[in-house]
Every structure is written in C-alpha cells, then in structure tokens.
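Peer 1: Just dropping this structure here.
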Amino acid sequence: MIIDCALYRDGRRQQEGTLTLEQAAALHRDGSDGFAWLGTFEPVPEELEDIRESFRLHELAVEDVKSFHLRPKVEQYGPDVELVILRTARYDDDREEVDFGEISAFIAPTFVITVRQGVASELHSARTNLEAHPKLLAEGSPAVLWAILDQVIKSYGPVVAELERDIEEVESTVFAGEAAPTERIYFLRREVTNFHRAVHPLLTVLTTIERANREGPLAPYFHDVHDYLRLISDEVAAQRDLLATILEANMAVISVEQTRLGVRQGQTIERLTVLATIFLPLTFVTGFFGQNFSWLVQQLDGLGRFLVLGVGGLLVPLAILWRLLRRDRAGMT
C-alpha cells in the first residue's frame with residue numbers, strides 16, 4: 001500500500017497531494033530534476049512487482065525486501081541503486097515486550113523507495129522533519145537516508161530505557177535475597193538479545209554509509225547518528241551481560257532456598273523418627289499385654305509381676321534406645 005509519494009526539487013515538495021506510482025515512475029524515466037520519494041507499508045507481492053518494473057529495480061533486490069531479516073545490512077545493486085535494510089523497535093508498555101519491524105530503503109539519485117513492515121516502522125515524522133529543513137532536503141536522496149536512520153536510531157533510546165527499568169526490577173528482587181521468576185529473566189534476556197541483533201550489526205552499515213558520505217554537508221549528520229548508535233550498542237551489550245549475571249545470581253538464590261528447604265525437611269523427618277522410636281516400645285508392650293494367651297494371664301497374678309513384666313519391659317528398651325542415641329550423637333560430633 002502506497003502511503004505517500006512526492007517529487008522534491010531544490011529542497012521543496014512540488015505538490016500538495018500524493019503522486020501515483022505511474023507519475024513517479026514517469027518523472028524518474030524522463031530524467032526530471034530532483035527525486036521522488038515513494039513510501040509504502042507492507043505491500044503485497046503484486047505491488048512490489050509493479051514498483052520493480054516501474055523503477056527497473058533488480059529482481060534480487062525485490063526478493064530481498066519480501067523476507068524479514070534478523071540483522072540490518074546494506075547491499076549495492078548496480079552502480080546507482082543501494083538497498084539499506086534496518087530493524088526498527090518499539091516498547092509495548094501493556095505487554096512489556098519489544099515490537100520489532102523493518103524498513104527497506106532503495107536509495108538512488110533520482111528516487112527513494114521505502115518499504116515498511118511491522119507496527120514499529122512509522123516514517124511520517126521523518127518525512128515531515130526533513131521537509132521542514134529545505135537545505136538538508138536539497139542534498140537529494142542521501143538526506144532522506146539520513147532522516148530515516150536518524151528516526152530509527154533515535155527511537156532505540158526509549159526501548160533501552162524501558163528495558164533498563166525491567167532489568168532493575170528483577171535485579172532488586174534477586175540481590176535482596178529473594179528468588180525472581182526465572183522465566184521473566186529468560187524472557188528479558190531474549191528481548192535484549194533480539195534488540196542487540198538489531199542494533200550491533202547496524203554499526204557496520206553506518207560505517208559503510210558514513211564512508212560513502214564523508215564529504216559534503218551531510219557528513220556531520222551521519223557522524224552524529226553513528227555516535228549515538230555506538231552509545232546505544234554499548235548500553236544494550238551491558239544489559240545483556242548484566243542479565244547473565246542476574247540469572248546466575250538467581251540460580252544461586254534458588255539453590256540456597258532449596259538447601260534450606262532440604263535442611264528443614266531433614267529436621268522434621270528426624271523429629272518424626274524420634275517420636276516413632278519412642279512409641280515403638282509402647283506399642284510392643286501394648287501388643288504384648290493385649291494377648292489373650294492363658295499362660296500370660298496366669299502369670300500376671302499380682303502387682304509385683306505386673307511391674308516387673310510391664311514397667312520393666314518398657315524401661316529396658318527405653319534404656320537401650322537412649323544408649324544407642326547417645327552413642328550415635330557422640331560419633332557424629
């Protein structure tokens with residue numbers, strides 16, 4: 001779907017409305033002064049094929065745009081056409097996740113074609129800001145590339161800040177001696193790793209673009225964007241390392257908690273064992289005197305015999321048990 005299409009000449013937009021694809025292609029083929037900027041959002045294959053034929057793009061370049069990339073890159077197709085692929089990012093507060101998108105930009109002296117994919121790939125503000133600076137816009141299609149890079153890279157800043165907030169939450173929980181949800185830490189590490197894949201390879205892309213534009217009025221602008229990207233890349237790398245440390249610390253906290261639980265269970269089992277051992281002789285005596293054998297009933301014909309057989313039969317096992325427990329405790333110390 002075509003979002004906007006306009007012809008720019010001498011730093012000015014030449015019409016109020018949006019050009020059709022045929023009008024923009026005709027201006028390109030006629031060699032008109034200035035350049036056309038065609039912006040699209042998730043075009044279907046048929047639309048991409050129409051764009052390819054209208055601007056005579058290389059078929060491999062269009063095939064590259066159809067697929068979703070994990071890493072930014074820059075490719076040269078022919079002497080004048082350059083394809084730059086960028087990963088965009090936006091933090092969703094409701095889901096506490098990072099949404100990723102993609103922008104593919106064909107840069108040529110007479111046209112710029114941007115193909116956006118995903119919700120985090122808005123470019124209207126980049127076009128508006130560039131139109132408000134005619135001197136930059138007069139530099140042609142490289143100025144559009146700078147505006148796109150500037151918006152995409154500056155949008156990384158809020159994502160870094162929100163991830164930092166989430167990391168601080170789990171960090172404060174873990175280093176307070178409490179176990180944080182391991183799934184939450186793994187999820188954050190995955191988000192930061194995906195973000196690092198979008199940011200770190202872009203350094204190479206910016207190096208290539210900055211080298212190609214090292215002379216001219218746009219050179220300091222590309223250098224400024226490159227410096228900001230280095231800062232973002234360092235912060236994301238630090239976040240990834242910090243999450244690895246937090247994960248190890250959380251595992252240690254979980255291990256300590258499991259050890260404490262095991263000790264408490266062992267103490268409980270020890271108490272139950274002592275109780276069971278104490279009641280074992282009582283159970284024996286109760287069972288012994290509960291027998292209705294005639295020889296046993298005949299022998300219990302007085303208090304003396306009852307004390308000898310009953311109480312004595314209880315005290316002797318208890319004394320033996322006490323002696324055994326004392327010996328075991330002495331051996332443990």
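Residue numbers start at 1 in each chain; chains themselves are named A, B, ... in the order of the structure tokens; ligands are numbered from 1 in the order shown.
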Assign secondary structure with DSSP using the backbone only, and return the residues of stretch 11-187 of chain A in strand (DSSP E) as a PyMOL selection string.

Peer 2: chain A and resi 12-13+35-41+73-77+81-92+97-108+111-117

Peer 1: For A:Leu70, list every protein, DNA or RNA residue within 8 Å, evaluated using only C-alpha atoms, and leave out those in the same chain fewer than 6 positions away; present the list as a VMD selection string.

Peer 2: chain A and resid 87 197 to 198

Peer 1: Using only N, CA and C atoms, please write the residues we just selected to a file, as a compact mmCIF listing (two decimals), in the first residue's frame.

Peer 2:
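This is the output file part26.txt:
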```
# COMPACT_ATOMS: atom_id res chain seq x y z
N ARG A 87 16.36 -2.57 11.13
CA ARG A 87 15.41 -3.14 12.09
C ARG A 87 14.91 -2.02 12.98
N ARG A 197 20.73 -7.79 18.26
CA ARG A 197 20.87 -8.19 16.86
C ARG A 197 20.40 -7.10 15.90
N ALA A 198 19.50 -6.25 16.37
CA ALA A 198 19.04 -5.15 15.54
C ALA A 198 19.99 -3.96 15.58
```

Peer 1: Pull the alpha helix (DSSP H) assignments for stretch 5-163 of chain A out of DSSP run on the backbone, and list those residues as a ChimeraX atom specification.

Peer 2: /A:21-29,45-55,59-66,124-131,134-137,141-154,156-163

Peer 1: Give me, please, the distance in Å between atom CA of A:Ile51 and atom CA of A:Trp37, quoted to one decimal.

Peer 2: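 Taking atom CA of A:Ile51 and atom CA of A:Trp37, their separation equals 12.4 Å.
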
Peer 1: Tell me which protein, DNA and RNA residues are within 12 Å of A:Asp166, counting only C-alpha atoms, leaving out same-chain ones fewer than 6 positions away, and put them as a PDB file with C-alpha atoms, in the first residue's frame.

Peer 2:
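Result file follows (selection_27.pdb):
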```pdb
ATOM      1  CA  TYR A  91       8.476  -0.950  23.524  1.00  0.00           C
ATOM      2  CA  ASP A  93       4.066  -0.930  27.904  1.00  0.00           C
ATOM      3  CA  GLU A  96       6.154  -5.293  28.483  1.00  0.00           C
ATOM      4  CA  GLU A  97       7.636  -6.534  25.225  1.00  0.00           C
ATOM      5  CA  VAL A  98       9.655  -5.075  22.372  1.00  0.00           C
ATOM      6  CA  VAL A 159      13.440   0.998  24.267  1.00  0.00           C
ATOM      7  CA  VAL A 160      16.765   0.924  26.122  1.00  0.00           C
ATOM      8  CA  SER A 172      16.467  -5.551  43.040  1.00  0.00           C
ATOM      9  CA  THR A 173      14.468  -8.713  43.747  1.00  0.00           C
ATOM     10  CA  ARG A 184      10.935 -13.479  33.469  1.00  0.00           C
ATOM     11  CA  ILE A 185      14.738 -13.261  33.411  1.00  0.00           C
ATOM     12  CA  PHE A 187      12.326 -13.529  28.614  1.00  0.00           C
ATOM     13  CA  LEU A 188      14.173 -10.270  29.277  1.00  0.00           C
ATOM     14  CA  ARG A 189      17.424 -11.789  28.086  1.00  0.00           C
ATOM     15  CA  GLU A 191      14.324  -9.457  24.294  1.00  0.00           C
ATOM     16  CA  VAL A 192      17.699  -7.819  24.880  1.00  0.00           C
ATOM     17  CA  GLN A 239      22.294  -5.001  29.631  1.00  0.00           C
ATOM     18  CA  LEU A 243      21.133 -10.189  32.710  1.00  0.00           C
TER      19      LEU A 243
END
```

Peer 1: Could you check which of A:Val112, A:Phe41, A:Gly11, A:Ser141 is closest to A:Ala25, using only C-alpha atoms?

Peer 2: A:Val112

Peer 1: Using only C-alpha atoms for the distances, tell me which of A:Ala147, A:Ile269, A:Ala126, A:Leu247 is nearest to A:Asp224.

Peer 2: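 Closest candidate: A:Ala147.
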
Peer 1: Rounded to one decimal, what separation in Å do you get between atom CA of A:Val81 and atom CA of A:Phe106?

Peer 2: 6.5 Å

Peer 1: A:Leu229, A:Ala161, A:Leu136, A:Leu123: which is nearest A:Pro201, counting only C-alpha atoms?

Peer 2: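 Result for the nearest residue to A:Pro201: A:Leu229.
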
Peer 1: Hey, what's within 12 Å of A:Ala89 if we count only C-alpha atoms and toss same-chain stuff fewer than 2 positions away? As a ChimeraX atom specification, please?

Peer 2: /A:86-87,91-92,97-103,117-122,151-160,162-163,191-192,194-199

Peer 1: Grab the atom CA of A:Pro72 to atom CA of A:Asp227 distance for me, in Å with one decimal place.

Peer 2: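 The value is 17.3 Å.
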
Peer 1: Neighbouring residues of A:Thr40 were defined as those with any atom within 6 Å, considering only C-alpha atoms; residues of the same chain fewer than 5 positions away were excluded. Please report them as a list in words.

Peer 2: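 Close residues of A:Thr40: Met1, Ile2, Ile3 and Val115 of chain A.
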
Peer 1: Could you tell me which of A:His200, A:Val225, A:Ala249, A:Arg127 comes closest to A:Arg71 if we count only C-alpha atoms?

Peer 2: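 Using only C-alpha atoms, the shortest distance to A:Arg71 belongs to A:His200.
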